>>> print(open('work30.txt').read())   # compact mmCIF, C-alpha atoms and all ligand atoms
# COMPACT_ATOMS: atom_id res chain seq x y z
CA MET L 1 29.54 -66.49 -43.66
CA LYS L 2 26.81 -68.94 -42.71
CA LEU L 3 26.09 -69.77 -39.07
CA LEU L 4 23.91 -72.41 -37.49
CA ALA L 5 22.77 -70.98 -34.15
CA ILE L 6 21.12 -73.10 -31.48
CA SER L 7 20.53 -73.02 -27.74
CA ASP L 8 18.52 -74.60 -24.93
CA ILE L 9 19.05 -78.23 -25.85
CA HIS L 10 18.73 -79.33 -22.20
CA GLY L 11 20.43 -82.64 -22.95
CA LYS L 12 17.93 -83.74 -25.60
CA VAL L 13 20.40 -85.68 -27.70
CA GLY L 14 17.61 -86.91 -30.01
CA SER L 15 16.80 -83.32 -31.00
CA VAL L 16 20.44 -82.70 -31.91
CA MET L 17 20.45 -85.88 -34.04
CA ARG L 18 17.33 -84.63 -35.80
CA LEU L 19 18.95 -81.22 -36.35
CA ARG L 20 21.94 -83.00 -37.86
CA GLU L 21 19.66 -84.93 -40.24
CA LEU L 22 17.87 -81.74 -41.29
CA THR L 23 20.97 -79.70 -42.05
CA ASP L 24 23.88 -80.16 -44.43
CA ASN L 25 27.55 -79.40 -43.95
CA SER L 26 27.50 -75.87 -45.32
CA PHE L 27 28.12 -73.87 -42.13
CA ASP L 28 31.19 -71.83 -41.27
CA ALA L 29 30.46 -72.14 -37.54
CA ILE L 30 27.94 -73.57 -35.09
CA ILE L 31 26.88 -71.14 -32.37
CA LEU L 32 25.73 -72.77 -29.14
CA ALA L 33 24.20 -70.23 -26.76
CA GLY L 34 24.03 -72.34 -23.60
CA ASP L 35 21.84 -74.88 -21.78
CA ILE L 36 23.58 -77.63 -23.68
CA GLY L 37 23.24 -80.72 -21.51
CA LYS L 38 21.96 -81.71 -18.15
CA ASP L 39 25.32 -83.25 -17.24
CA LEU L 40 28.76 -83.93 -18.68
CA ASP L 41 27.60 -87.14 -20.36
CA THR L 42 24.76 -85.61 -22.41
CA THR L 43 26.84 -82.49 -23.13
CA THR L 44 29.62 -84.69 -24.52
CA GLN L 45 27.07 -86.53 -26.68
CA VAL L 46 25.79 -83.19 -28.02
CA PHE L 47 29.33 -82.09 -28.93
CA ASP L 48 30.06 -85.48 -30.52
CA ILE L 49 27.10 -85.02 -32.89
CA LEU L 50 27.89 -81.37 -33.62
CA THR L 51 31.53 -82.24 -34.36
CA SER L 52 30.31 -84.03 -37.51
CA PHE L 53 29.45 -80.59 -38.92
CA ASP L 54 33.07 -80.11 -39.88
CA CYS L 55 33.30 -76.49 -38.61
CA PRO L 56 34.12 -74.74 -35.31
CA ILE L 57 31.57 -75.01 -32.50
CA LEU L 58 31.54 -71.72 -30.59
CA TYR L 59 29.77 -72.13 -27.28
CA VAL L 60 28.89 -70.57 -23.94
CA TYR L 61 27.24 -72.26 -20.95
CA GLY L 62 23.76 -71.54 -19.59
CA ASN L 63 22.19 -72.21 -16.20
CA TRP L 64 21.69 -75.90 -17.04
CA ASP L 65 25.42 -76.28 -17.56
CA HIS L 66 26.28 -75.13 -14.03
CA SER L 67 28.24 -78.27 -13.12
CA LEU L 68 30.56 -78.06 -16.15
CA THR L 69 34.07 -76.67 -15.82
CA TYR L 70 35.18 -73.88 -18.13
CA ASP L 71 38.24 -75.61 -19.54
CA HIS L 72 36.67 -79.00 -20.28
CA ASP L 73 37.86 -80.44 -23.58
CA PHE L 74 34.89 -81.21 -25.86
CA GLY L 75 37.13 -81.93 -28.83
CA LEU L 76 39.26 -79.99 -31.27
CA ARG L 77 36.38 -78.13 -32.91
CA ALA L 78 34.77 -76.96 -29.67
CA HIS L 79 35.74 -73.46 -28.57
CA HIS L 80 34.49 -71.96 -25.30
CA LEU L 81 33.92 -68.26 -26.04
CA HIS L 82 34.07 -67.40 -22.35
CA ASN L 83 37.78 -68.28 -22.29
CA ALA L 84 38.85 -66.49 -25.46
CA PRO L 85 37.33 -64.78 -28.50
CA PHE L 86 37.34 -66.64 -31.80
CA THR L 87 38.14 -65.04 -35.14
CA LEU L 88 36.59 -66.27 -38.36
CA ASP L 89 36.32 -64.70 -41.78
CA GLY L 90 37.21 -61.22 -40.42
CA TRP L 91 34.64 -61.50 -37.64
CA SER L 92 35.29 -61.85 -33.91
CA PHE L 93 33.05 -63.98 -31.73
CA THR L 94 33.03 -63.45 -27.98
CA GLY L 95 30.71 -63.90 -25.01
CA PHE L 96 30.44 -65.17 -21.46
CA SER L 97 29.01 -68.22 -19.73
CA GLY L 98 26.36 -68.37 -17.03
CA VAL L 99 23.25 -66.44 -16.27
CA ASP L 100 21.76 -65.05 -13.05
CA ALA L 101 19.50 -68.14 -12.71
CA ASN L 102 22.72 -70.12 -12.09
CA TRP L 103 26.21 -68.82 -12.69
CA GLY L 104 27.77 -72.27 -12.24
CA HIS L 105 31.57 -72.10 -12.43
CA ASN L 106 31.63 -68.52 -13.73
CA PRO L 107 34.83 -67.17 -12.09
CA VAL L 108 33.51 -63.59 -11.70
CA ALA L 109 30.41 -64.93 -9.94
CA ALA L 110 32.53 -67.15 -7.69
CA SER L 111 34.64 -64.30 -6.35
CA ILE L 112 31.73 -61.84 -5.89
CA THR L 113 29.60 -64.53 -4.20
CA ALA L 114 32.44 -65.37 -1.81
CA ASP L 115 32.70 -61.67 -0.81
CA LEU L 116 28.92 -61.47 -0.36
CA ASP L 117 28.78 -64.63 1.73
CA ALA L 118 31.49 -63.27 4.00
CA HIS L 119 29.65 -59.95 4.33
CA TYR L 120 26.26 -61.58 4.84
CA ASP L 121 27.55 -64.04 7.43
CA ALA L 122 29.53 -61.36 9.29
CA GLY L 123 26.44 -59.14 9.57
CA PHE L 124 24.32 -61.89 11.06
CA ALA L 125 27.14 -63.27 13.21
CA GLU L 126 27.44 -59.91 14.97
CA ILE L 127 23.70 -59.66 15.72
CA ASP L 128 23.52 -63.33 16.71
CA GLY L 129 26.39 -62.73 19.11
CA ARG L 130 24.58 -59.80 20.75
CA ILE L 131 21.34 -61.79 21.09
CA GLU L 132 23.19 -64.75 22.59
CA ALA L 133 24.94 -62.51 25.12
CA LEU L 134 21.62 -60.97 26.17
CA GLU L 135 19.93 -64.36 26.44
CA ARG L 136 22.78 -65.55 28.63
CA GLU L 137 22.43 -62.44 30.81
CA GLU L 138 18.69 -63.00 31.04
CA ARG L 139 19.14 -66.63 32.09
CA GLU L 140 21.68 -65.61 34.75
CA MET L 141 19.38 -62.91 36.12
CA LEU L 142 16.43 -65.29 36.21
CA ALA L 143 18.55 -67.87 38.01
CA ALA L 144 19.61 -65.18 40.49
CA CYS L 145 15.98 -64.14 41.01
CA VAL L 146 14.87 -67.74 41.57
CA ALA L 147 17.66 -68.21 44.11
CA LEU L 148 16.33 -65.28 46.17
CA PRO L 149 13.78 -66.05 48.86
CA PRO L 150 10.30 -65.16 47.54
CA LEU L 151 8.94 -61.76 48.58
CA PRO L 152 5.22 -61.07 48.88
CA ASN L 153 5.23 -58.38 46.16
CA LYS L 154 7.82 -60.16 43.89
CA ALA L 155 9.55 -56.80 43.38
CA HIS L 156 12.90 -58.52 42.85
CA LEU L 157 11.68 -59.91 39.48
CA ARG L 158 11.20 -56.45 38.03
CA PRO L 159 14.75 -56.00 36.67
CA VAL L 160 14.02 -58.85 34.24
CA TRP L 161 11.19 -57.04 32.45
CA PRO L 162 13.19 -54.21 30.84
CA LEU L 163 15.77 -56.78 29.83
CA ARG L 164 13.08 -58.82 28.08
CA ARG L 165 11.86 -55.72 26.27
CA TRP L 166 15.43 -54.94 25.18
CA LEU L 167 15.81 -58.47 23.87
CA SER L 168 12.60 -58.40 21.87
CA ASN L 169 13.60 -54.99 20.46
CA LEU L 170 16.86 -56.45 19.29
CA ARG L 171 15.09 -59.40 17.67
CA GLU L 172 12.78 -56.93 15.93
CA LYS L 173 15.83 -55.02 14.68
CA ARG L 174 17.27 -58.24 13.31
CA LYS L 175 14.02 -58.97 11.48
CA GLN L 176 14.12 -55.48 9.98
CA LEU L 177 17.66 -56.10 8.84
CA GLU L 178 16.86 -59.31 6.93
CA PRO L 179 15.30 -57.67 3.83
CA ALA L 180 18.25 -55.28 3.67
CA MET L 181 20.61 -58.25 3.74
CA ARG L 182 18.60 -59.97 1.00
CA ALA L 183 18.60 -56.78 -1.10
CA LYS L 184 22.35 -56.66 -0.72
CA TYR L 185 22.48 -60.22 -2.01
CA GLN L 186 20.27 -59.40 -5.01
CA GLU L 187 22.39 -56.34 -5.71
CA GLY L 188 25.33 -58.75 -5.65
CA TYR L 189 23.79 -60.80 -8.43
CA ARG L 190 23.31 -57.64 -10.50
CA GLU L 191 26.95 -56.82 -9.80
CA ILE L 192 27.93 -60.25 -11.15
CA ALA L 193 26.14 -59.48 -14.42
CA ARG L 194 27.81 -56.05 -14.59
CA ALA L 195 31.25 -57.51 -13.86
CA ASN L 196 30.79 -60.12 -16.59
CA ARG L 197 29.84 -57.35 -19.02
CA ARG L 198 32.94 -55.37 -18.04
CA GLU L 199 35.11 -58.43 -18.55
CA LEU L 200 33.46 -59.10 -21.90
CA VAL L 201 34.17 -55.54 -23.07
CA ALA L 202 37.79 -55.91 -21.91
CA ARG L 203 38.09 -59.12 -23.95
CA MET L 204 36.82 -57.27 -27.02
CA VAL L 205 39.76 -54.84 -27.01
CA GLY L 206 41.66 -55.24 -30.27
CA HIS L 207 38.62 -56.68 -32.02
CA PRO L 208 36.73 -54.21 -34.23
CA PRO L 209 33.32 -53.87 -32.53
CA GLU L 210 31.51 -53.42 -35.85
CA ARG L 211 32.80 -56.90 -36.81
CA THR L 212 32.05 -58.56 -33.49
CA ILE L 213 29.31 -61.03 -32.62
CA VAL L 214 28.46 -61.45 -28.93
CA VAL L 215 27.08 -64.78 -27.68
CA THR L 216 25.59 -65.12 -24.17
CA HIS L 217 22.95 -67.39 -22.65
CA GLY L 218 20.66 -64.59 -21.46
CA ARG L 219 19.90 -61.44 -23.40
CA LEU L 220 22.31 -58.63 -22.54
CA THR L 221 20.91 -55.24 -21.57
CA LYS L 222 22.37 -51.73 -21.68
CA THR L 223 24.61 -52.71 -24.58
CA ALA L 224 24.10 -49.25 -26.12
CA GLN L 225 26.43 -47.93 -23.38
CA ASP L 226 29.55 -49.98 -23.91
CA MET L 227 28.90 -52.07 -27.04
CA PRO L 228 26.99 -49.59 -29.24
CA VAL L 229 28.31 -50.68 -32.63
CA VAL L 230 28.27 -54.44 -32.14
CA PRO L 231 25.89 -55.50 -34.91
CA LEU L 232 24.77 -58.88 -33.59
CA PHE L 233 23.91 -60.33 -30.19
CA LEU L 234 22.95 -64.01 -30.03
CA PHE L 235 21.36 -65.60 -26.97
CA GLY L 236 18.70 -68.05 -25.74
CA HIS L 237 17.40 -68.92 -22.24
CA SER L 238 13.92 -67.49 -22.67
CA HIS L 239 12.37 -70.02 -25.02
CA GLY L 240 11.16 -68.86 -28.41
CA PHE L 241 12.74 -67.16 -31.42
CA THR L 242 12.81 -63.35 -31.47
CA ASP L 243 14.56 -60.87 -33.75
CA THR L 244 14.64 -57.28 -32.47
CA ARG L 245 16.70 -54.16 -33.04
CA THR L 246 18.00 -51.63 -30.54
CA GLY L 247 20.01 -48.78 -32.01
CA ARG L 248 22.50 -50.25 -34.47
CA SER L 249 22.39 -53.69 -32.87
CA ARG L 250 20.30 -56.71 -33.68
CA PHE L 251 19.27 -59.13 -30.92
CA ILE L 252 18.45 -62.68 -31.94
CA ASN L 253 16.97 -65.15 -29.48
CA VAL L 254 17.97 -68.35 -31.31
CA SER L 255 16.17 -70.69 -28.92
CA ALA L 256 15.08 -73.22 -28.30
CA LEU L 257 16.03 -76.58 -29.75
CA ASP L 258 14.09 -78.23 -26.92
CA HIS L 259 10.78 -76.41 -26.64
CA VAL L 260 7.91 -78.45 -25.24
CA VAL L 261 4.48 -76.81 -25.31
CA PRO L 262 0.96 -78.09 -24.58
CA VAL L 263 -1.18 -78.88 -27.63
CA MET L 264 -4.92 -79.62 -28.04
CA PRO L 265 -6.88 -81.26 -30.88
CA LYS L 266 -7.66 -78.54 -33.42
CA HIS L 267 -11.11 -76.95 -33.35
CA ALA L 268 -11.84 -78.34 -29.91
CA THR L 269 -14.89 -76.43 -28.74
CA LYS L 270 -13.58 -76.25 -25.23
CA ARG L 271 -10.39 -77.03 -23.43
CA ILE L 272 -10.40 -80.64 -22.37
CA TRP L 273 -7.34 -80.91 -20.20
CA ASN L 274 -7.10 -84.69 -20.32
CA GLU L 275 -6.75 -84.39 -24.11
CA THR L 276 -3.86 -82.01 -23.73
CA ARG L 277 -0.53 -83.42 -24.87
CA ALA L 278 3.05 -82.16 -24.88
CA ALA L 279 4.57 -81.43 -28.27
CA ASP L 280 8.16 -80.42 -28.96
CA ILE L 281 8.14 -77.40 -31.27
CA GLY L 282 11.91 -76.86 -31.04
CA ALA L 283 13.60 -74.60 -33.55
CA TYR L 284 17.04 -73.61 -34.83
CA THR L 285 18.32 -70.49 -36.52
CA ILE L 286 20.39 -69.98 -39.64
CA ILE L 287 22.24 -66.68 -40.00
CA GLU L 288 23.84 -65.60 -43.24
CA ILE L 289 26.19 -62.64 -43.10
CA ASP L 290 27.13 -60.89 -46.29
CA ASP L 291 26.55 -57.18 -46.94
CA GLN L 292 23.61 -57.66 -44.66
CA ILE L 293 22.59 -60.11 -41.96
CA VAL L 294 19.79 -62.51 -42.90
CA VAL L 295 18.26 -64.47 -40.00
CA VAL L 296 15.72 -67.29 -40.38
CA SER L 297 14.31 -69.60 -37.68
CA TYR L 298 13.35 -73.13 -38.77
CA PRO L 299 11.19 -75.63 -36.89
CA LEU L 300 12.85 -78.86 -35.85
CA ARG L 301 9.50 -80.62 -36.20
CA SER L 302 6.32 -79.37 -37.78
CA MET L 303 3.24 -79.00 -35.60
CA PRO L 304 1.50 -82.40 -35.72
CA LEU L 305 -1.52 -82.46 -38.08
CA GLY L 306 -4.82 -81.90 -36.33
CA TRP L 307 -3.24 -80.35 -33.25
CA GLU L 308 -2.70 -76.79 -32.19
CA ARG L 309 -0.80 -75.06 -29.46
CA VAL L 310 -2.80 -74.19 -26.36
CA SER L 311 -2.73 -70.42 -26.43
CA GLY L 312 -1.16 -68.64 -23.54
CA SER L 313 0.65 -71.72 -22.20
CA THR L 314 4.37 -71.95 -22.64
CA ILE L 315 5.32 -74.90 -20.47
CA GLY L 316 4.19 -78.29 -21.73
CA LEU L 317 5.96 -80.36 -19.13
CA GLY L 318 3.76 -82.67 -17.10
CA PHE L 319 1.52 -83.60 -20.03
CA LYS L 320 1.71 -86.94 -21.83
CA PRO L 321 3.98 -86.64 -24.87
CA LEU L 322 2.24 -86.62 -28.24
CA ASN L 323 3.56 -89.20 -30.67
CA GLN L 324 4.58 -86.98 -33.54
CA GLY L 325 5.92 -89.65 -35.87
CA GLU L 326 9.23 -89.08 -37.51
CA ALA L 327 8.10 -87.95 -40.98
CA LEU L 328 10.77 -85.61 -42.28
CA LEU L 329 9.07 -82.99 -44.42
CA SER L 330 11.71 -80.30 -44.63
CA PRO L 331 14.46 -80.44 -47.26
CA LYS L 332 18.07 -80.19 -46.11
CA ARG L 333 19.25 -76.67 -45.31
MN MN V 401 18.50 -71.18 -19.53
>>> encode(input="work30.txt", output="C-alpha cells")
Amino acid sequence: MKLLAISDIHGKVGSVMRLRELTDNSFDAIILAGDIGKDLDTTTQVFDILTSFDCPILYVYGNWDHSLTYDHDFGLRAHHLHNAPFTLDGWSFTGFSGVDANWGHNPVAASITADLDAHYDAGFAEIDGRIEALEREEREMLAACVALPPLPNKAHLRPVWPLRRWLSNLREKRKQLEPAMRAKYQEGYREIARANRRELVARMVGHPPERTIVVTHGRLTKTAQDMPVVPLFLFGHSHGFTDTRTGRSRFINVSALDHVVPVMPKHATKRIWNETRAADIGAYTIIEIDDQIVVVSYPLRSMPLGWERVSGSTIGLGFKPLNQGEALLSPKR
C-alpha cells in the first residue's frame, strides 16, 4: 500500500498543483492531516486537484479549517475520517478533526465548551450579583448620610467605612477567583482533547489495532495507554517533517506543504535583514507499507541556489518572497 501524506496547506492552491505535477497516479490513498484551506472556496479547490489522483482522499480538519462543517461534500473520493473509519487493503484509517488551537465544529468540543461557558458565567454572575447588591446598599447609606443634618464630628458617616472595606474585600476575592476560573477553562480544553481520544478509541472497536492508522492534525500523546499497538500515527500542525518511535508506534509529522522560512544569501558574513527573503520549503511524505513501513519526506521545491535558511528562524512571514523560478528538478514519484 502506497500513501501520499500531506498537511498544512493553508489554502495554497499553487502548492497543491505543484505537488500534483511532481507525483504520479500510483497511490492507494491520499492522507490529508488538516489545515487544508483558509475557507470553503480554497478547500474545495484543494480537493478538486487531489481528486485527480484517482484514489480515496482521507482527511481530518485542523485549526485553519474551523469554519468548515463536518459533513460537507468534497466529492465522491473525499472521506472525512472524523465521521467514520475507512478500510483499505486490510488496513483501517481513523482519526479526529480539530486541535486545541481551534476546535472549530468539533462536536465534542462544542458540548464541553457550552458546559464550561455556563459554569464560568454562573460563577461570575453570582459574585457580580453580590457586588451589585453591596454597591446599591452603599449608595443608599451614603444618600441617607447626606440627607442627615451635618454634625460637627461627622460620626454619622462612620457606618459607611466598614461597608467600603467589605466591598473592597469582595472585589479582592473576585480577583483571586479569576485565575481559578481560567484554570478551569484550560482544564476544559484538556478535557476536550481527552474526550476526542476516548471517542476515537470507541470508533476503533472492531478494527484490529495492529492494522490501524490514526490521522489527527496535532500529535496525539499518551497513546501507549489506550492505543499501544497502533503502528502508525500521522499528523501535522507543527511545521516540519519528523519520524519518531514510542513503544511499538511510529509517529510521522507529514507537514508541511506550505512552509515559509526566512532565507539569506549563502556565505553572508553577517545577517543583513533587508536581504532576508521568504522561501517556501514545503514538503510532502510518501509512505509505503509492506512487511515494513517505509517513510520518506520529499521537498516540494528545492532550496534556491545561492540561498540558505536563516538558522533558528522558523517563521518567514513578513519578508519579501524570493522568486524561486519554477524549474522542476525532481522526477515524478
Ligand atoms: Mn495547524
>>> closest_residue(input="work30.txt", among="L:Ile36, L:Val295, L:Ala84, L:Leu234", to="ligand MN 401 (chain V)", atoms="all atoms listed in the file")
L:Ile36
>>> atom_distance(input="work30.txt", atom1="atom CA of L:Asp65", atom2="atom CA of L:Thr51")
18.8 Å
>>> closest_atom_pairs(input="work30.txt", of="chain L", to="ligand MN 401 (chain V)", cutoff="8 Å", atoms="all atoms listed in the file", output="tab-separated table")
residue	atom	partner	partner_atom	distance
L:Asp8	CA	V:MN401	MN	6.4
L:Gly34	CA	V:MN401	MN	7.0
L:Asp35	CA	V:MN401	MN	5.5
L:Gly62	CA	V:MN401	MN	5.3
L:Asn63	CA	V:MN401	MN	5.1
L:Trp64	CA	V:MN401	MN	6.2
L:Val99	CA	V:MN401	MN	7.5
L:Ala101	CA	V:MN401	MN	7.5
L:His217	CA	V:MN401	MN	6.6
L:Gly218	CA	V:MN401	MN	7.2
L:Gly236	CA	V:MN401	MN	7.0
L:His237	CA	V:MN401	MN	3.7
L:Ser238	CA	V:MN401	MN	6.7
>>> residues_near_point(input="work30.txt", point="(23.4, -56.7, -8.7)", cutoff="12 Å", atoms="all atoms listed in the file", output="PyMOL selection string")
chain L and resi 100+109+112-113+116+182-196
>>> write_last_selection(input="work30.txt", atoms="C-alpha atoms", output="CSV table (one decimal), keeping the file's coordinate frame")
chain,number,residue,atom,x,y,z
L,100,ASP,CA,21.8,-65.0,-13.0
L,109,ALA,CA,30.4,-64.9,-9.9
L,112,ILE,CA,31.7,-61.8,-5.9
L,113,THR,CA,29.6,-64.5,-4.2
L,116,LEU,CA,28.9,-61.5,-0.4
L,182,ARG,CA,18.6,-60.0,1.0
L,183,ALA,CA,18.6,-56.8,-1.1
L,184,LYS,CA,22.4,-56.7,-0.7
L,185,TYR,CA,22.5,-60.2,-2.0
L,186,GLN,CA,20.3,-59.4,-5.0
L,187,GLU,CA,22.4,-56.3,-5.7
L,188,GLY,CA,25.3,-58.8,-5.6
L,189,TYR,CA,23.8,-60.8,-8.4
L,190,ARG,CA,23.3,-57.6,-10.5
L,191,GLU,CA,27.0,-56.8,-9.8
L,192,ILE,CA,27.9,-60.2,-11.2
L,193,ALA,CA,26.1,-59.5,-14.4
L,194,ARG,CA,27.8,-56.0,-14.6
L,195,ALA,CA,31.2,-57.5,-13.9
L,196,ASN,CA,30.8,-60.1,-16.6
>>> closest_residue(input="work30.txt", among="L:Leu88, L:Pro209, L:Lys175, L:Ile252", to="L:Phe124", atoms="all atoms listed in the file")
L:Lys175
>>> closest_residue(input="work30.txt", among="L:Glu135, L:Glu199, L:Ile9, L:Gln45", to="L:Pro107", atoms="only C-alpha atoms")
L:Glu199
>>> residues_around(input="work30.txt", residues="L:Ser52", least_positions_apart="6", cutoff="12 Å", atoms="only C-alpha atoms", output="list in words")
Val16, Met17, Leu19, Arg20, Glu21, Thr23, Asp24, Asn25, Ser26, Phe27, Ala29, Ile30, Gln45, Val46, Gly75, Leu76, Arg77 and Ala78 of chain L
>>> write_last_selection(input="work30.txt", atoms="C-alpha atoms", output="PDB file, in the coordinates of the input")
ATOM      1  CA  VAL L  16      20.440 -82.700 -31.910  1.00  0.00           C
ATOM      2  CA  MET L  17      20.450 -85.880 -34.040  1.00  0.00           C
ATOM      3  CA  LEU L  19      18.950 -81.220 -36.350  1.00  0.00           C
ATOM      4  CA  ARG L  20      21.940 -83.000 -37.860  1.00  0.00           C
ATOM      5  CA  GLU L  21      19.660 -84.930 -40.240  1.00  0.00           C
ATOM      6  CA  THR L  23      20.970 -79.700 -42.050  1.00  0.00           C
ATOM      7  CA  ASP L  24      23.880 -80.160 -44.430  1.00  0.00           C
ATOM      8  CA  ASN L  25      27.550 -79.400 -43.950  1.00  0.00           C
ATOM      9  CA  SER L  26      27.500 -75.870 -45.320  1.00  0.00           C
ATOM     10  CA  PHE L  27      28.120 -73.870 -42.130  1.00  0.00           C
ATOM     11  CA  ALA L  29      30.460 -72.140 -37.540  1.00  0.00           C
ATOM     12  CA  ILE L  30      27.940 -73.570 -35.090  1.00  0.00           C
ATOM     13  CA  GLN L  45      27.070 -86.530 -26.680  1.00  0.00           C
ATOM     14  CA  VAL L  46      25.790 -83.190 -28.020  1.00  0.00           C
ATOM     15  CA  GLY L  75      37.130 -81.930 -28.830  1.00  0.00           C
ATOM     16  CA  LEU L  76      39.260 -79.990 -31.270  1.00  0.00           C
ATOM     17  CA  ARG L  77      36.380 -78.130 -32.910  1.00  0.00           C
ATOM     18  CA  ALA L  78      34.770 -76.960 -29.670  1.00  0.00           C
TER      19      ALA L  78
END
>>> closest_residue(input="work30.txt", among="L:Leu40, L:Val263, L:Val205, L:Ile286", to="L:Glu308", atoms="all atoms listed in the file")
L:Val263
>>> residues_around(input="work30.txt", residues="L:Phe86", least_positions_apart="2", cutoff="12 Å", atoms="all atoms listed in the file", output="ChimeraX atom specification")
/L:29,31,56-59,77-84,88-95,203-204,207,211-215
